[in-house]
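Structure first, then comments.
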Amino acid sequence: MTKKGTGLKIAISAILCFFILILAIRQGSVYISLKDLFGIISGHITGKGTPEGIEPMMDSIFWTIRMPRAIMAFLVGGALSVSGACMQALLQNPLASSYTLGVSSGASLGAAIVLILEISIPLLAGFMLPFTGFVFGLITVVLALSLASVIDRNVSNTTVVLIGMILSLFVNGIMNFLSTLYSDHSKQLYLWMMGSFSARGWKHCLILFPVCVVCFAILMLTSRKMDIMSFGDLQAQAMGVDAKKTKLVAIVICSLLTGISVAFTGVIGFVDLAAPHVVRKLFGPSHRIVLPMSFIYGGAFMALCDLISRTVLSPREIPVGAVTALIGAPFFAYVFFASRRKRA
Amino acid sequence: MKIRVKNLSVNYGSSEVLHSVDLEISSGEKVFIGGANGSGKTTLLRALAGIIPHRGEVSIDGREISSIKRKDMAKMIALMPQTNELFFPYTVYETVLLGTYAFSKSILGGISAENIQYAGKCMKDCGVDDLGDRHLDELSGGQLQRVLLARTFAQKAPFLFLDEPGNNLDIKYRAELCDKLNSWTRENTDGSDNTLVAVFHDLEQARRCCTRAVMMKEGSIIFDGDINDGTTPEMLLKIYDFDVASYIDNKLKL
């Protein structure tokens with residue numbers, strides 16, 4: 001099923017992605033040579049400690065600040081893109097994504113409430129934010145789906161996407177309201193609404209990483225079903241796919257991926273919409289390849305956007321959501337319309 | 001194998017589109033489902049394939065279809081719909097291969113060499129073997145129709161449900177489709193006789209491919225029997241409220 005040259009394209013993409021990650025870790029106000037950087041990384045991984053001749057300050061800048069931040073950006077970008085790719089296939093709508101379905105806004109509202117009211121449940125400890133993100137994200141998408149089924153008995157995919165968009169605008173309104181009401185938190189909330197990776201460390205990565213691995217594995221197992229689902233629910237059922245179950249499982253998994261990502265970093269739009277489209281242009285629509293490549297491309301794009309967000313106006317930071325939209329929107333428009341013109 | 005339908009009703013929203021239909025279809029039959037637009041042909045086909053909610057009984061060999069697993073259903077009944085949602089431009093080869101999904105054994109949905117070979121045979125049978133690397137959005141309407149037919153055959157099901165398979169096909173391909181269907185119904189799949197249930201708008205095609213006619217009007221079956229009796233001028237007038245016979249006569253004179 002794989003076309004010739006796909007292997008090569010995957011290899012090039014993986015190498016490119018690796019270089020972007022290195023770039024994202026290395027660039028910034030403090031300079032480091034590649035040799036020292038690899039020294040620090042391998043020192044920590046092998047447990048031998050920092051090599052001689054490298055200042056402890058450098059070690060902490062790169063190992064405890066920049067590296068987890070870049071990896072976090074990569075994981076979040078990947079997680080969002082993969083869920084975007086799934087949503088687009090399952091709802092047969094190019095505009096479907098966790099963002100447009102309201103999962104992101106819902107999750108950010110949940111996180112905001114936890115922040116403002118300073119709620120903590122001892123049992124959940126450090127998992128409070130991701131847990132709330134997931135639950136609120138899921139609640140929003142369930143709300144969107146049930147509203148859609150009340151309004152439109154056939155629960156057509158267009159209705160779902162429209163309602164998701166309406167809900168997400170509504171929830172954004174609540175966020176704005178909250179940030180005015182609790183003005184001491186408004187800066188924090190503002191960052192939440194536009195997304196930021198500032199001060200994200202290893203502890204966040206350590207929660208997100210296993211979630212990504214498990215969710216990604218489950219989605220990969222349904223990759224062929226997703227291929228079939230893109231031909232429409234009825235056709236998928238006739239070909240042996242339980243459309244309802246597949247949709248439900250995938251939506252829960254995508255809400256988990258998105259909800260946790262958003263709870264850590266805030267709402268970052270666009271990457272989940274754009275990355276899968278670019279990947280399909282390059283690799284074709286087969287989900288066995290689209291899913292992993294969406295992760296790599298979305299992750300690399302996010303790492304790059306975060307790099308830009310913290311370096312362009314350094315020492316000030318631009319919210320990363322603004323960067324993804326500023327770069328992503330024109331690029332996406334180009335990719336989308338250039339190919340459309342060719343086809344017409 | 002035998003499909004039994006008793007007291008079958010289907011609703012779309014609050015309106016009932018099939019009203020307590022009774023029907024039996026046995027292995028090896030070649031059934032034409034006819035009727036005017038909106039008479040419930042497509043709905044009947046979908047209900048028989050178990051892909052829409054229904055009231056009443058639809059069973060295969062005594063088993064209610066809603067209790068049968070999707071994958072097992074797909075191995076028994078292959079349905080080719082009238083319209084298709086083509087959201088992503090898969091290649092022709094990928095599309096036909098997806099037809100074998102129900103036969104993928106591993107949890108990863110891996111594709112066995114046997115299935116790959118079978119998909120190739122279906123492509124050849126439907127005359128699309130030279131289009132393998134083309135994308136669905138690059139095909140003509142007729143080519144696409146044949147690709148989807150190949151995908152339906154790839155399901156290896158002994159029951160073939162076709163909803164206007166002649167759509168978009170030119171007269172030569174329509175004739176070839178009939179030949180193909182006729183040779184397929186003479187074979188048998190997995191030990192049971194192949195069974196064709198098809199909606200046609202082209203009565204000529206229906207007569208060439210089928211021996212039994214089930215004629216529908218306003219959600220009910222008003223005739224079930226030999227195709228020659230089901231397509232008499234009187235019957236067609238009753239079904240379409242339109243003088244089909246003299247229309248066809250006039251057309252042929254042109």
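Ordered as shown in the structure tokens, chains take letters A, B, and onward, while each chain numbers its residues from 1 and ligands are numbered from 1 in the order shown.
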request  = From a DSSP calculation on the backbone, collect every residue of range 19-245 of chain B in strand (DSSP E) and output the set as number ranges by chain.
outcome  = B: 19-26, 30-35, 55-60, 63-64, 77-80, 159-163, 188-189, 192-193, 195-199, 212-217, 220-226
Do me a favour and pick out the residues of chain B within 9 Å of chain A, using only C-alpha atoms, as a PDB file with C-alpha atoms, in the first residue's frame.
ATOM      1  CA  TYR B  12     -36.151   9.050   8.867  1.00  0.00           C
ATOM      2  CA  GLY B  13     -36.865  11.491  11.644  1.00  0.00           C
ATOM      3  CA  ARG B  46     -29.717  -0.213   3.465  1.00  0.00           C
ATOM      4  CA  ALA B  49     -27.635  -4.616   4.787  1.00  0.00           C
ATOM      5  CA  GLY B  50     -28.220  -3.672   8.405  1.00  0.00           C
ATOM      6  CA  ILE B  51     -26.615  -0.268   8.258  1.00  0.00           C
ATOM      7  CA  ILE B  52     -29.610   1.812   9.317  1.00  0.00           C
ATOM      8  CA  LYS B  69     -20.849  -8.225  14.203  1.00  0.00           C
ATOM      9  CA  ARG B  70     -20.067  -5.637  11.533  1.00  0.00           C
ATOM     10  CA  LYS B  71     -17.083  -7.546  10.222  1.00  0.00           C
ATOM     11  CA  ASP B  72     -19.111 -10.737   9.881  1.00  0.00           C
ATOM     12  CA  MET B  73     -21.906  -8.848   8.141  1.00  0.00           C
ATOM     13  CA  ALA B  74     -19.444  -7.361   5.684  1.00  0.00           C
ATOM     14  CA  LYS B  75     -18.319 -10.862   4.761  1.00  0.00           C
ATOM     15  CA  ILE B  77     -23.268  -8.643   2.338  1.00  0.00           C
ATOM     16  CA  ALA B  78     -21.409  -6.102   0.223  1.00  0.00           C
ATOM     17  CA  LEU B  79     -23.275  -2.886  -0.454  1.00  0.00           C
ATOM     18  CA  MET B  80     -22.385  -0.407  -3.127  1.00  0.00           C
ATOM     19  CA  PRO B  81     -24.136   2.872  -2.376  1.00  0.00           C
ATOM     20  CA  ASN B  84     -20.228   8.323  -2.414  1.00  0.00           C
ATOM     21  CA  GLU B  85     -18.462  10.582  -0.033  1.00  0.00           C
ATOM     22  CA  LEU B  86     -14.926  10.907  -1.288  1.00  0.00           C
ATOM     23  CA  PHE B  87     -13.223  13.045   1.256  1.00  0.00           C
ATOM     24  CA  PHE B  88      -9.600  12.090   0.627  1.00  0.00           C
ATOM     25  CA  PRO B  89      -8.083  11.241  -2.745  1.00  0.00           C
ATOM     26  CA  TYR B  90      -6.883   7.687  -2.058  1.00  0.00           C
ATOM     27  CA  THR B  91      -5.364   5.860  -4.977  1.00  0.00           C
ATOM     28  CA  TYR B  93      -5.411   0.510  -5.508  1.00  0.00           C
ATOM     29  CA  GLU B  94      -5.715   1.672  -1.892  1.00  0.00           C
ATOM     30  CA  THR B  95      -9.469   2.074  -2.317  1.00  0.00           C
ATOM     31  CA  LEU B  97      -7.814  -2.907  -1.016  1.00  0.00           C
ATOM     32  CA  LEU B  98      -9.947  -1.288   1.694  1.00  0.00           C
ATOM     33  CA  GLY B  99     -12.752  -3.543   0.473  1.00  0.00           C
ATOM     34  CA  THR B 100     -10.916  -6.501   2.003  1.00  0.00           C
ATOM     35  CA  TYR B 101     -10.953  -4.878   5.464  1.00  0.00           C
ATOM     36  CA  ALA B 102     -13.341  -7.436   6.949  1.00  0.00           C
ATOM     37  CA  ILE B 107      -5.294  -6.288  15.217  1.00  0.00           C
ATOM     38  CA  LEU B 108      -3.119  -3.969  13.146  1.00  0.00           C
ATOM     39  CA  GLY B 109      -5.380  -4.612  10.168  1.00  0.00           C
ATOM     40  CA  GLY B 110      -2.464  -6.051   8.212  1.00  0.00           C
ATOM     41  CA  ASP B 133      -1.860   4.580  -8.996  1.00  0.00           C
ATOM     42  CA  ASP B 137     -10.226  12.837  -7.649  1.00  0.00           C
ATOM     43  CA  GLU B 138      -8.542  12.367 -11.014  1.00  0.00           C
ATOM     44  CA  THR B 152     -17.502  -3.934  -3.480  1.00  0.00           C
ATOM     45  CA  GLN B 155     -15.512  -7.742   0.000  1.00  0.00           C
TER      46      GLN B 155
END
task = Extract, using only C-alpha atoms, all DNA, RNA and protein residues at most 10 Å from range 21-34 of chain A, discarding same-chain residues fewer than 6 positions from it, and format them as an NGL selection string.
result = :A and (15 or 40 or 54 or 58 or 61-63 or 65-71 or 73-74 or 299-308 or 310-312 or 314-315)
Next, write the just-selected residues to a file, as a short mmCIF file (atom, residue, chain, number, x, y, z; two decimals), in the first residue's frame, keeping C-alpha atoms as the atom set.
data_model
loop_
_atom_site.label_atom_id
_atom_site.label_comp_id
_atom_site.auth_asym_id
_atom_site.auth_seq_id
_atom_site.Cartn_x
_atom_site.Cartn_y
_atom_site.Cartn_z
CA ILE A 15 16.08 14.06 10.09
CA ILE A 40 25.17 17.93 28.59
CA ILE A 54 30.83 23.12 31.25
CA MET A 58 24.85 26.30 31.32
CA ILE A 61 19.77 26.48 31.31
CA PHE A 62 19.90 23.78 28.71
CA TRP A 63 18.91 20.69 30.64
CA ILE A 65 14.87 24.97 30.94
CA ARG A 66 15.32 24.77 27.21
CA MET A 67 15.31 21.08 26.55
CA PRO A 68 12.09 20.18 28.38
CA ARG A 69 10.49 23.26 26.88
CA ALA A 70 11.40 22.23 23.34
CA ILE A 71 10.32 18.65 23.96
CA ALA A 73 6.42 22.00 22.44
CA PHE A 74 7.14 19.02 20.23
CA GLY A 299 5.68 18.67 16.71
CA ALA A 300 8.50 20.18 14.67
CA PHE A 301 6.31 23.10 13.61
CA MET A 302 5.35 23.80 17.22
CA ALA A 303 8.98 23.61 18.41
CA LEU A 304 9.89 26.10 15.68
CA CYS A 305 7.02 28.42 16.59
CA ASP A 306 8.01 28.33 20.24
CA LEU A 307 11.59 29.16 19.28
CA ILE A 308 10.31 32.18 17.37
CA ARG A 310 10.79 33.41 22.70
CA THR A 311 13.57 34.83 20.51
CA VAL A 312 12.05 37.41 18.13
CA SER A 314 13.61 38.67 23.35
CA PRO A 315 13.54 39.06 26.32
#
inquiry  = Could you pull out the helix (DSSP H, G or I) residues of range 34-281 of chain A, going by DSSP on the backbone, and write them as a PyMOL selection string?
reply    = chain A and resi 34-46+56-90+103-117+125-151+157-181+183-194+202-221+223-229+233-238+243-265+271-281
query = Within 12 Å of Ala111 in chain A, counting only C-alpha atoms, which residues qualify if same-chain residues fewer than 4 places away don't, as a PyMOL selection string?
reply = chain A and resi 104-107+115-120+127-137+175+188-189+192-193+259-267
query = Within 12 Å of Glu204 in chain B, counting only C-alpha atoms, which residues qualify if same-chain residues fewer than 3 places away don't, as a list in words?
reply =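 Near neighbours after the sequence-gap exclusion: Phe32, Gly166, Ile171, Arg174, Ala175, Cys178, Phe200, His201, Arg207, Arg208, Cys209, Cys210, Ile227, Asn228, Thr231 and Ile248 of chain B.
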